[in-house]
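**Student:** This structure is in structure tokens; I'll ask about it shortly.
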Amino acid sequence: MLANGASYSLAVLPGDGIGPEVVDAALKVLNAVEKREGFSTLISKGLIGGAAYDVFGEHLPQATIDICRGSSAILFGSVGGPLTEAAKPKWANCERNSILSLRKEFGFYANIRSLRVPPGLEHLSPLRQGLIPGGHSIMVIRELLGDIYFGEHNTTGVSPKRIASDIAEYREEEILRIARLGFELARGRRRSVVSVDKANVLDTSRLWRDVVTSVQREFPDVTVEHQLVDNCAMQLVRNPAQFDLLLCPNLFGDILSDIVSVLGGSLGLMPSASLNDQGFGLYEPAGGSAPDIAGKGIANPIGQILSLAMLLRYSWRMDGAANAIEMAVETALASGARTRDLCRSGEPSVSTEEFAEAVVQALEE
Ligand code: IPM
Ligand code: MG
């Protein structure tokens, strides 16, 4: 066992809403994996989002950045408050300030979001039954530092004559590195990439398509299909089973990954990894802070637990442990343990903590 005896430093940023509960669930699972694989983790907790605002008056305090910098990976919960309080300083721009700044600070250019419809839960899909089979998995590779997100944002003039603009920009090398990562990851899957753009309108998309086409030549064993983003969105709800790996520019990846996240029937299922070119990464569930159910012990911790599995795979290179966690989640589900979001009315549900315990039990078997 390679990892035996090793010690890893981990920054843990629980954040707001259900963040702390689902992070606790994932840390229970981490504890079980440590015992199983024989390594230890030194955890440093940091504040972020509204939780940080309460203490520091800002969403991403320097103290939290320092904790991340001193660690070999970041396990992130979620940030953000109730929509009804969105105008309060504690919550205004909270997600943007917390998440976009971390991406920029650490150069997280690659976002990997991956959904696997748990076998036995196909009936939860919002789509017509049979359209997405249990066990089907779709991975979204999203470029995270370019495009319209980080170009200049500007508003000029006075109402009713204001003009707003957001510049979308891609440099060739930004597309190259994300495309190479996408094709590499496709090699471990069905060797089929769908690259998304709006090349019938946008220059950034024409460059995207051109660079992706050239990268495909480096990976002759992987096929690529180019889809326009509007068509792709339609195909994702019409015939999602055609997709294995989507390669997307920043904005289209943001939108399409939300569609993918719900194909399995709950927002709580999809994990995500944001990586820089040194393999340092931030791992978070895609579902968000769900303030309406926070503190009730009913949140689904699967997205957070699977984010931990991605952390073990991509940052700590423990594939075996990552696979074991993913299998243990499916074993727990197969044994009937389900949080409320996965139950039809009348079906018995378990709490966040009980679900984590079921995963731990599956790991120990
Ligand atoms: C995401 C989120 C963020 C994004 C927001 C909160 C800035 O929607 O991670 O998908 O748009 O990237
Ligand atoms: Mg989003």
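Convention: chains lettered A, B, ... in structure tokens order; per-chain residue numbering from 1; ligands numbered from 1 as shown.
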Can you tell me which residues surround A:Arg69 at a distance of at most 12 Å, considering only C-alpha atoms, apart from same-chain residues fewer than 6 positions away, and format the answer as a PyMOL selection string?
**Tutor:** chain A and resi 9-12+44+46+62-63+102+105-106+280-282
**Student:** Quick one: contact table of chain A to ligand 1, 7 Å max, nearest atom pair and distance in Å to one decimal per residue, counting only C-alpha atoms and all ligand atoms, chain and number order, as a tab-separated table?
**Tutor:**
residue	atom	partner	partner_atom_place_in_ligand_line	distance
A:Glu95	CA	ligand 1	6 (C)	4.6
A:Arg96	CA	ligand 1	7 (C)	4.5
A:Ile99	CA	ligand 1	7 (C)	6.2
A:Leu100	CA	ligand 1	7 (C)	5.9
A:Asp254	CA	ligand 1	10 (O)	4.9
A:Ala286	CA	ligand 1	9 (O)	6.9
**Student:** Using only C-alpha atoms and all ligand atoms, find each residue of chain A with at least one atom at most 10 Å away from an atom of ligand 2; report its shortest atom-to-atom pair and that distance in Å (one decimal), sort the rows by chain and rising residue number, and return the result as CSV.
**Tutor:**
residue,atom,partner,partner_atom_place_in_ligand_line,distance
A:Asn250,CA,ligand 2,1 (Mg),9.7
A:Leu251,CA,ligand 2,1 (Mg),8.6
A:Phe252,CA,ligand 2,1 (Mg),9.7
A:Gly253,CA,ligand 2,1 (Mg),8.1
A:Asp254,CA,ligand 2,1 (Mg),4.5
A:Ile255,CA,ligand 2,1 (Mg),6.3
A:Leu256,CA,ligand 2,1 (Mg),8.7
A:Ser257,CA,ligand 2,1 (Mg),7.2
A:Asp258,CA,ligand 2,1 (Mg),6.3
A:Ile259,CA,ligand 2,1 (Mg),9.9
A:Ala286,CA,ligand 2,1 (Mg),7.7
A:Gly287,CA,ligand 2,1 (Mg),9.0
A:Gly288,CA,ligand 2,1 (Mg),9.1
**Student:** Could you save those same residues with N, CA, C and O atoms as a JSON list (two decimals), in the first residue's frame?
**Tutor:**
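In the end it all went to part-v2.json:
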[["chain", "number", "residue", "atom", "x", "y", "z"],
["A", 250, "ASN", "N", -15.96, 28.11, -20.25],
["A", 250, "ASN", "CA", -16.42, 28.43, -18.90],
["A", 250, "ASN", "C", -17.94, 28.62, -18.78],
["A", 250, "ASN", "O", -18.61, 27.92, -18.01],
["A", 251, "LEU", "N", -18.51, 29.55, -19.54],
["A", 251, "LEU", "CA", -19.93, 29.87, -19.35],
["A", 251, "LEU", "C", -20.85, 28.72, -19.77],
["A", 251, "LEU", "O", -21.80, 28.38, -19.06],
["A", 252, "PHE", "N", -20.55, 28.11, -20.92],
["A", 252, "PHE", "CA", -21.41, 27.01, -21.36],
["A", 252, "PHE", "C", -21.30, 25.83, -20.39],
["A", 252, "PHE", "O", -22.28, 25.14, -20.11],
["A", 253, "GLY", "N", -20.10, 25.63, -19.84],
["A", 253, "GLY", "CA", -19.90, 24.54, -18.87],
["A", 253, "GLY", "C", -20.67, 24.80, -17.58],
["A", 253, "GLY", "O", -21.18, 23.87, -16.95],
["A", 254, "ASP", "N", -20.75, 26.06, -17.19],
["A", 254, "ASP", "CA", -21.53, 26.42, -16.00],
["A", 254, "ASP", "C", -22.98, 25.99, -16.20],
["A", 254, "ASP", "O", -23.58, 25.34, -15.34],
["A", 255, "ILE", "N", -23.53, 26.33, -17.35],
["A", 255, "ILE", "CA", -24.95, 26.09, -17.60],
["A", 255, "ILE", "C", -25.22, 24.59, -17.81],
["A", 255, "ILE", "O", -26.10, 24.00, -17.19],
["A", 256, "LEU", "N", -24.41, 23.98, -18.68],
["A", 256, "LEU", "CA", -24.67, 22.56, -19.00],
["A", 256, "LEU", "C", -24.42, 21.65, -17.81],
["A", 256, "LEU", "O", -25.12, 20.64, -17.63],
["A", 257, "SER", "N", -23.45, 22.00, -16.95],
["A", 257, "SER", "CA", -23.19, 21.12, -15.80],
["A", 257, "SER", "C", -24.37, 21.16, -14.82],
["A", 257, "SER", "O", -24.60, 20.19, -14.10],
["A", 258, "ASP", "N", -25.12, 22.26, -14.79],
["A", 258, "ASP", "CA", -26.33, 22.27, -13.96],
["A", 258, "ASP", "C", -27.38, 21.31, -14.53],
["A", 258, "ASP", "O", -28.07, 20.63, -13.78],
["A", 259, "ILE", "N", -27.49, 21.25, -15.84],
["A", 259, "ILE", "CA", -28.44, 20.29, -16.43],
["A", 259, "ILE", "C", -28.01, 18.87, -16.07],
["A", 259, "ILE", "O", -28.81, 18.07, -15.59],
["A", 286, "ALA", "N", -21.60, 19.99, -6.23],
["A", 286, "ALA", "CA", -22.11, 20.99, -7.15],
["A", 286, "ALA", "C", -23.44, 21.59, -6.69],
["A", 286, "ALA", "O", -23.90, 22.58, -7.23],
["A", 287, "GLY", "N", -24.03, 21.01, -5.66],
["A", 287, "GLY", "CA", -25.42, 21.33, -5.32],
["A", 287, "GLY", "C", -25.70, 22.66, -4.66],
["A", 287, "GLY", "O", -26.82, 23.16, -4.73],
["A", 288, "GLY", "N", -24.74, 23.26, -3.97],
["A", 288, "GLY", "CA", -25.02, 24.54, -3.33],
["A", 288, "GLY", "C", -25.40, 24.41, -1.86],
["A", 288, "GLY", "O", -25.46, 23.31, -1.30]]
**Student:** Return the single residue from A:Asp221, A:Gly188, A:Ala199, A:Asn276 that is closest to A:Glu143, with distances computed using only C-alpha atoms.
**Tutor:**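 Closest candidate: A:Asn276.
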**Student:** Have a look at atom CA of A:Pro89 and atom CA of A:His59 and let me know their distance in Å, one decimal.
**Tutor:**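 One can read the atom CA of A:Pro89 to atom CA of A:His59 distance as 10.0 Å.
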**Student:** Pick out the residues sitting within 10 Å of A:Ser195, and hand them over as a short mmCIF file (atom, residue, chain, number, x, y, z; two decimals) with C-alpha atoms, in the first residue's frame; count only C-alpha atoms, and ignore anything fewer than 2 positions along from it in its own chain.
**Tutor:**
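Final output, result-v4.cif:
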data_model
loop_
_atom_site.label_atom_id
_atom_site.label_comp_id
_atom_site.auth_asym_id
_atom_site.auth_seq_id
_atom_site.Cartn_x
_atom_site.Cartn_y
_atom_site.Cartn_z
CA ILE A 141 -14.81 19.21 -18.17
CA ALA A 179 -8.58 20.26 -24.13
CA GLY A 182 -10.29 16.46 -21.44
CA SER A 192 -15.51 9.99 -26.88
CA VAL A 193 -15.47 13.75 -26.40
CA ASP A 197 -19.18 25.91 -28.51
CA TRP A 208 -12.06 26.83 -29.27
CA ARG A 209 -13.19 24.51 -32.06
CA VAL A 212 -9.85 21.22 -29.86
CA THR A 213 -9.63 19.82 -33.39
CA VAL A 224 -14.51 14.24 -30.96
CA GLU A 225 -17.86 15.63 -31.97
CA HIS A 226 -18.45 19.39 -31.97
CA GLN A 227 -21.90 20.46 -30.81
CA LEU A 228 -23.33 23.95 -30.70
CA VAL A 229 -24.32 24.78 -27.14
CA CYS A 232 -26.20 20.27 -26.81
CA LEU A 245 -17.57 13.45 -21.66
CA LEU A 246 -18.43 17.08 -22.40
CA LEU A 247 -15.61 19.58 -22.96
CA CYS A 248 -16.84 23.13 -22.38
CA PRO A 249 -15.74 26.74 -22.23
#
**Student:** As JSON, numbers by chain, please: every residue in stretch 163-348 of chain A that DSSP puts in helix (DSSP H, G or I).
**Tutor:** {"A": [172, 173, 174, 175, 176, 177, 178, 179, 180, 181, 182, 183, 184, 185, 186, 187, 203, 204, 205, 206, 207, 208, 209, 210, 211, 212, 213, 214, 215, 216, 217, 218, 229, 230, 231, 232, 233, 234, 235, 236, 237, 238, 240, 241, 242, 250, 251, 252, 253, 254, 255, 256, 257, 258, 259, 260, 261, 262, 267, 268, 269, 291, 292, 293, 302, 303, 304, 305, 306, 307, 308, 309, 310, 311, 312, 313, 314, 319, 320, 321, 322, 323, 324, 325, 326, 327, 328, 329, 330, 331, 332, 333, 334, 340, 341, 342]}
**Student:** Kindly assemble as CSV a list of the stretch 258-301 of chain A residues that lie within 12 Å of stretch 313-328 of chain A, each paired with its nearest atom pair and their distance in Å to one decimal, using only C-alpha atoms, sorted first by chain and then by ascending residue number.
**Tutor:**
residue,atom,partner,partner_atom,distance
A:Leu269,CA,A:Glu326,CA,11.6
A:Met270,CA,A:Glu326,CA,11.9
A:Pro271,CA,A:Glu326,CA,11.0
A:Ser272,CA,A:Tyr314,CA,11.1
A:Ala273,CA,A:Tyr314,CA,8.3
A:Ser274,CA,A:Tyr314,CA,9.9
A:Leu275,CA,A:Tyr314,CA,8.4
A:Asn276,CA,A:Ser315,CA,10.2
A:Asp277,CA,A:Ser315,CA,11.1
A:Gln278,CA,A:Ser315,CA,9.1
A:Gly279,CA,A:Ser315,CA,5.6
A:Phe280,CA,A:Ser315,CA,6.0
A:Gly281,CA,A:Ser315,CA,6.4
A:Leu282,CA,A:Ser315,CA,9.2
A:Tyr283,CA,A:Ser315,CA,9.8
**Student:** Which residue is closest to A:Leu306? Choose from A:Gly107, A:Gly336, A:Gly146, A:Gly268 and count only C-alpha atoms.
**Tutor:**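 Once distances to A:Leu306 are computed over only C-alpha atoms, the minimum belongs to A:Gly268.
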**Student:** Which polymer residues have any atom within 10 Å of an atom of A:Gly50, counting only C-alpha atoms, with same-chain residues fewer than 3 positions away left out, as a ChimeraX atom specification?
**Tutor:** /A:15-17,47,53-60,79-81,89-92,94-95,98
